[in-house]
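Asks: entry_10.cif is the file, holding mmCIF, C-alpha atoms:
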```
data_work
#
loop_
_atom_site.group_PDB
_atom_site.id
_atom_site.type_symbol
_atom_site.label_atom_id
_atom_site.label_comp_id
_atom_site.auth_asym_id
_atom_site.auth_seq_id
_atom_site.Cartn_x
_atom_site.Cartn_y
_atom_site.Cartn_z
ATOM 1 C CA MET A 1 0.000 0.000 0.000
ATOM 2 C CA ASN A 2 1.197 3.466 -0.880
ATOM 3 C CA GLN A 3 1.954 5.397 2.317
ATOM 4 C CA HIS A 4 0.831 8.657 0.748
ATOM 5 C CA GLN A 5 -2.363 7.485 -0.859
ATOM 6 C CA THR A 6 -4.847 10.309 -0.580
ATOM 7 C CA VAL A 7 -7.834 9.749 1.582
ATOM 8 C CA GLY A 8 -11.091 10.068 -0.307
ATOM 9 C CA ILE A 9 -13.928 11.816 1.480
ATOM 10 C CA VAL A 10 -17.334 10.207 1.177
ATOM 11 C CA MET A 11 -20.110 12.602 2.154
ATOM 12 C CA ILE A 12 -23.538 11.090 2.804
ATOM 13 C CA GLU A 13 -25.848 14.085 3.137
ATOM 14 C CA ASP A 14 -29.322 14.483 1.631
ATOM 15 C CA ASP A 15 -29.578 18.255 2.140
ATOM 16 C CA GLU A 16 -27.979 19.850 -0.949
ATOM 17 C CA GLY A 17 -27.505 23.164 0.864
ATOM 18 C CA HIS A 18 -25.630 21.500 3.723
ATOM 19 C CA ALA A 19 -23.597 19.434 1.255
ATOM 20 C CA ARG A 20 -22.486 22.541 -0.662
ATOM 21 C CA LEU A 21 -21.665 24.331 2.579
ATOM 22 C CA ILE A 22 -19.633 21.369 3.858
ATOM 23 C CA GLU A 23 -17.698 21.044 0.604
ATOM 24 C CA LYS A 24 -17.060 24.792 0.296
ATOM 25 C CA ASN A 25 -15.686 25.035 3.826
ATOM 26 C CA ILE A 26 -13.575 21.881 3.536
ATOM 27 C CA ARG A 27 -12.040 23.454 0.395
ATOM 28 C CA ARG A 28 -11.616 26.731 2.270
ATOM 29 C CA ALA A 29 -9.572 24.883 4.876
ATOM 30 C CA GLY A 30 -7.224 23.862 2.059
ATOM 31 C CA ILE A 31 -8.354 20.241 1.760
ATOM 32 C CA LEU A 32 -8.141 19.145 -1.869
ATOM 33 C CA ASN A 33 -9.034 15.481 -1.355
ATOM 34 C CA ASP A 34 -11.636 13.993 -3.651
ATOM 35 C CA ILE A 35 -15.162 14.348 -2.222
ATOM 36 C CA LYS A 36 -17.836 11.908 -3.379
ATOM 37 C CA HIS A 37 -21.327 13.037 -2.417
ATOM 38 C CA PHE A 38 -24.326 10.731 -1.940
ATOM 39 C CA THR A 39 -27.829 11.836 -1.003
ATOM 40 C CA ASP A 40 -29.100 8.452 0.202
ATOM 41 C CA GLY A 41 -27.796 5.453 2.106
ATOM 42 C CA THR A 42 -28.431 2.817 -0.557
ATOM 43 C CA SER A 43 -26.179 4.354 -3.221
ATOM 44 C CA ALA A 44 -23.594 5.340 -0.585
ATOM 45 C CA LEU A 45 -23.327 1.785 0.787
ATOM 46 C CA ASP A 46 -23.107 0.394 -2.732
ATOM 47 C CA PHE A 47 -20.206 2.746 -3.496
ATOM 48 C CA LEU A 48 -18.465 2.131 -0.153
ATOM 49 C CA PHE A 49 -18.507 -1.646 -0.423
ATOM 50 C CA ASN A 50 -18.831 -2.510 -4.134
ATOM 51 C CA ALA A 51 -17.494 0.244 -6.400
ATOM 52 C CA ALA A 52 -14.101 -0.359 -8.021
ATOM 53 C CA ASP A 53 -13.021 3.133 -6.904
ATOM 54 C CA GLY A 54 -14.797 2.845 -3.555
ATOM 55 C CA PRO A 55 -13.008 2.520 -0.197
ATOM 56 C CA ALA A 56 -13.494 -1.245 0.287
ATOM 57 C CA LYS A 57 -11.765 -1.955 -3.039
ATOM 58 C CA SER A 58 -9.318 0.923 -3.350
ATOM 59 C CA GLY A 59 -9.186 2.441 0.193
ATOM 60 C CA PRO A 60 -8.550 4.660 2.371
ATOM 61 C CA ALA A 61 -11.424 6.981 3.084
ATOM 62 C CA MET A 62 -13.105 9.148 5.631
ATOM 63 C CA ILE A 63 -16.880 9.237 5.828
ATOM 64 C CA LEU A 64 -18.996 12.280 6.658
ATOM 65 C CA LEU A 65 -22.376 10.918 7.627
ATOM 66 C CA ASP A 66 -25.710 12.628 8.163
ATOM 67 C CA LEU A 67 -28.074 10.575 10.348
ATOM 68 C CA ASN A 68 -31.331 11.693 8.743
ATOM 69 C CA LEU A 69 -31.444 10.205 5.255
ATOM 70 C CA PRO A 70 -34.482 9.561 3.048
ATOM 71 C CA ASP A 71 -34.089 5.786 2.717
ATOM 72 C CA MET A 72 -32.408 4.597 5.931
ATOM 73 C CA SER A 73 -30.964 6.004 9.098
ATOM 74 C CA GLY A 74 -27.334 7.016 9.294
ATOM 75 C CA THR A 75 -26.960 4.727 12.294
ATOM 76 C CA ASP A 76 -27.824 1.754 10.023
ATOM 77 C CA ILE A 77 -25.023 2.804 7.685
ATOM 78 C CA LEU A 78 -22.658 3.236 10.628
ATOM 79 C CA THR A 79 -23.532 -0.270 11.842
ATOM 80 C CA ARG A 80 -22.744 -1.742 8.408
ATOM 81 C CA ILE A 81 -19.421 0.115 8.126
ATOM 82 C CA LYS A 82 -18.262 -0.801 11.630
ATOM 83 C CA ALA A 83 -19.573 -4.396 11.632
ATOM 84 C CA GLU A 84 -17.241 -7.230 12.632
ATOM 85 C CA GLY A 85 -15.494 -8.443 9.494
ATOM 86 C CA SER A 86 -16.325 -5.307 7.469
ATOM 87 C CA PRO A 87 -13.337 -4.210 5.351
ATOM 88 C CA LEU A 88 -14.245 -0.647 6.358
ATOM 89 C CA ARG A 89 -14.527 -1.109 10.106
ATOM 90 C CA ARG A 90 -11.432 1.032 10.788
ATOM 91 C CA THR A 91 -12.584 3.785 8.435
ATOM 92 C CA PRO A 92 -13.065 7.042 10.347
ATOM 93 C CA VAL A 93 -16.682 8.179 10.412
ATOM 94 C CA VAL A 94 -17.640 11.747 11.279
ATOM 95 C CA VAL A 95 -21.337 12.076 12.070
ATOM 96 C CA LEU A 96 -22.666 15.508 11.041
ATOM 97 C CA THR A 97 -26.267 15.922 12.065
ATOM 98 C CA THR A 98 -28.841 18.279 13.523
ATOM 99 C CA THR A 99 -29.622 15.847 16.362
ATOM 100 C CA ASP A 100 -28.074 16.758 19.695
ATOM 101 C CA ASP A 101 -29.992 14.076 21.580
ATOM 102 C CA LYS A 102 -27.670 12.563 24.219
ATOM 103 C CA VAL A 103 -28.975 9.033 23.598
ATOM 104 C CA GLU A 104 -28.370 9.331 19.847
ATOM 105 C CA ILE A 105 -24.846 10.690 20.426
ATOM 106 C CA GLU A 106 -24.014 7.813 22.793
ATOM 107 C CA ARG A 107 -25.456 5.288 20.346
ATOM 108 C CA CYS A 108 -23.270 6.615 17.515
ATOM 109 C CA TYR A 109 -20.124 6.418 19.645
ATOM 110 C CA ASP A 110 -21.119 2.928 20.818
ATOM 111 C CA GLN A 111 -21.444 1.901 17.172
ATOM 112 C CA GLY A 112 -17.977 3.198 16.416
ATOM 113 C CA CYS A 113 -18.340 6.726 15.082
ATOM 114 C CA ASN A 114 -15.097 8.672 15.589
ATOM 115 C CA VAL A 115 -16.430 12.216 15.791
ATOM 116 C CA TYR A 116 -19.969 13.496 16.356
ATOM 117 C CA ILE A 117 -20.697 17.055 15.240
ATOM 118 C CA THR A 118 -24.070 18.712 15.729
ATOM 119 C CA LYS A 119 -24.861 21.035 12.838
ATOM 120 C CA PRO A 120 -25.299 24.489 14.292
ATOM 121 C CA VAL A 121 -28.432 26.156 13.012
ATOM 122 C CA ASN A 122 -26.454 29.364 12.578
ATOM 123 C CA TYR A 123 -24.709 29.527 9.174
ATOM 124 C CA GLU A 124 -21.494 31.109 10.427
ATOM 125 C CA SER A 125 -20.997 28.637 13.298
ATOM 126 C CA PHE A 126 -21.656 25.769 10.892
ATOM 127 C CA ALA A 127 -19.138 27.152 8.388
ATOM 128 C CA GLN A 128 -16.629 27.564 11.215
ATOM 129 C CA ALA A 129 -17.199 23.993 12.458
ATOM 130 C CA ILE A 130 -16.626 22.623 8.949
ATOM 131 C CA ARG A 131 -13.433 24.650 8.490
ATOM 132 C CA GLN A 132 -12.177 23.169 11.753
ATOM 133 C CA LEU A 133 -13.152 19.725 10.474
ATOM 134 C CA GLY A 134 -11.096 20.533 7.365
ATOM 135 C CA LEU A 135 -8.066 21.270 9.542
ATOM 136 C CA PHE A 136 -8.696 18.009 11.380
ATOM 137 C CA LEU A 137 -8.830 16.166 8.020
ATOM 138 C CA SER A 138 -5.500 17.670 7.030
ATOM 139 C CA VAL A 139 -3.660 16.108 9.985
ATOM 140 C CA ILE A 140 -5.340 12.819 10.862
ATOM 141 C CA GLN A 141 -3.851 9.480 9.910
ATOM 142 C CA VAL A 142 -6.285 7.032 8.342
ATOM 143 C CA PRO A 143 -5.563 3.291 8.474
ATOM 144 C CA ASP A 144 -5.537 1.247 5.296
ATOM 145 C CA VAL A 145 -8.620 -0.770 4.486
ATOM 146 C CA GLU A 146 -8.399 -4.370 5.674
ATOM 147 C CA SER A 147 -8.064 -6.872 2.879
#
```
Translate the structure of the given file into structure tokens.

Replies:
Amino acid sequence: MNQHQTVGIVMIEDDEGHARLIEKNIRRAGILNDIKHFTDGTSALDFLFNAADGPAKSGPAMILLDLNLPDMSGTDILTRIKAEGSPLRRTPVVVLTTTDDKVEIERCYDQGCNVYITKPVNYESFAQAIRQLGLFLSVIQVPDVES
């Protein structure tokens, strides 16, 4: 495995406005990594596990996951990614959602999410949070996908 393989960012977010805001502010933080955007869980899971250029087949990636999706809950996706024997179980998952329910936050961490960010309602705080996430993305080490 190439030590300097760039980490692809997989964004699973059904709100186009939020998706654009996330991408714009990640770019503003100087992150040039490829961002693949999915608006539903079904197509995202298919890409993650089955696509030739997806993380399971060509690794490494970081996943930005919204919990409220039209076809399934983000926690279902998280469970699939982090499942025992999943080639993606070490893939970092950042949950980005409007839910600040303590139970939901605990459940996501229990299921293996690495970072849980509540989307601030205020545009500027959200933009700021995403820029900080961008800085985080620029320094973290991501493990290779298990073969």

Asks: At most 9 Å is the cut-off: for each residue in region 35-88 of chain A with any atom that close to an atom of region 112-127 of chain A, write down the nearest atom pair and the distance in Å rounded to one decimal, counting only C-alpha atoms, chain first then increasing number, as CSV.

Replies:
```
residue,atom,partner,partner_atom,distance
A:Leu78,CA,A:Cys113,CA,7.1
A:Thr79,CA,A:Gly112,CA,8.0
A:Ile81,CA,A:Gly112,CA,9.0
A:Lys82,CA,A:Gly112,CA,6.2
```

Asks: What does the distance from CA of Glu13 (chain A) to CA of Gln132 (chain A) come to in Å, to one decimal?

Replies: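 Answer for the CA of Glu13 (chain A) to CA of Gln132 (chain A) separation: 18.5 Å.
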
Asks: Find the residues around region 39-56 of chain A up to 7 Å (all atoms listed in the file counted), leave out those fewer than 5 positions away in its own chain, and share them as a ChimeraX atom specification.

Replies: /A:12-14,61,69-72,77,87-88,145

Asks: CA of Gln111 (chain A) and CA of Ile63 (chain A), how far apart in Å?

Replies: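 For CA of Ile63 (chain A) relative to CA of Gln111 (chain A), the distance reads 14.3 Å.
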
Asks: Would you place a box with edges along x, y and z of the file around all atoms of region 80-99 of chain A listed there, add 3 Å to each of its six sides, and report the centre and edge lengths in Å to one decimal, as AutoDock Vina command-line options?

Replies:
```
--center_x -20.5 --center_y 4.9 --center_z 10.9 --size_x 24.2 --size_y 32.7 --size_z 17.0
```

Asks: Point out the residue among A:Val7, A:Asp15, A:Ile26, A:Leu21 with the least atom-to-atom distance to Leu135 (chain A), counting all atoms listed in the file.

Replies: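 Using all atoms listed in the file, Leu135 (chain A) sits closest to A:Ile26.
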
Asks: Can you work out the spacing between CA of Phe38 (chain A) and CA of Thr6 (chain A) in Å, to one decimal?

Replies: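 Interatomic distance here is 19.5 Å.
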
Asks: Using only C-alpha atoms for the distances, tell me which of A:Thr75, A:Thr97, A:Ser138, A:Thr91 is nearest to Tyr109 (chain A).

Replies: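 Of all the options, A:Thr75 lies closest to Tyr109 (chain A).
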
Asks: From the set A:Asp101, A:Glu23, A:Asp66, A:Asp34, which residue has the shortest atom-to-atom contact distance to Leu133 (chain A), counting only C-alpha atoms?

Replies: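 Once distances to Leu133 (chain A) are computed over only C-alpha atoms, the minimum belongs to A:Glu23.
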
Asks: Which one of A:Arg20, A:Arg80, A:Arg107, A:Lys36 sits closest to Met62 (chain A) if you count all atoms listed in the file?

Replies: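 Of all the options, A:Lys36 lies closest to Met62 (chain A).
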
Asks: Mind checking which residues fall within 9 Å of Thr99 (chain A), counting all atoms listed in the file, ignoring those fewer than 3 positions away in the same chain, and posting them as a list in words?

Replies: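 Listed by chain and then number, they are Leu67, Asn68, Leu96, Lys102, Glu104, Ile105, Thr118 and Lys119 of chain A.
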
Asks: Which one is closest to Thr98 (chain A): A:Glu84, A:Ile140, A:Leu65, A:Val10? Count all atoms listed in the file.

Replies: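 Once distances to Thr98 (chain A) are computed over all atoms listed in the file, the minimum belongs to A:Leu65.
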
Asks: Rank A:Ile130, A:Val93, A:Val139, A:Val103 by their smallest atom-to-atom distance to Ile22 (chain A), using all atoms listed in the file, and report the top residue only.

Replies: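 The closest residue to Ile22 (chain A) is A:Ile130.
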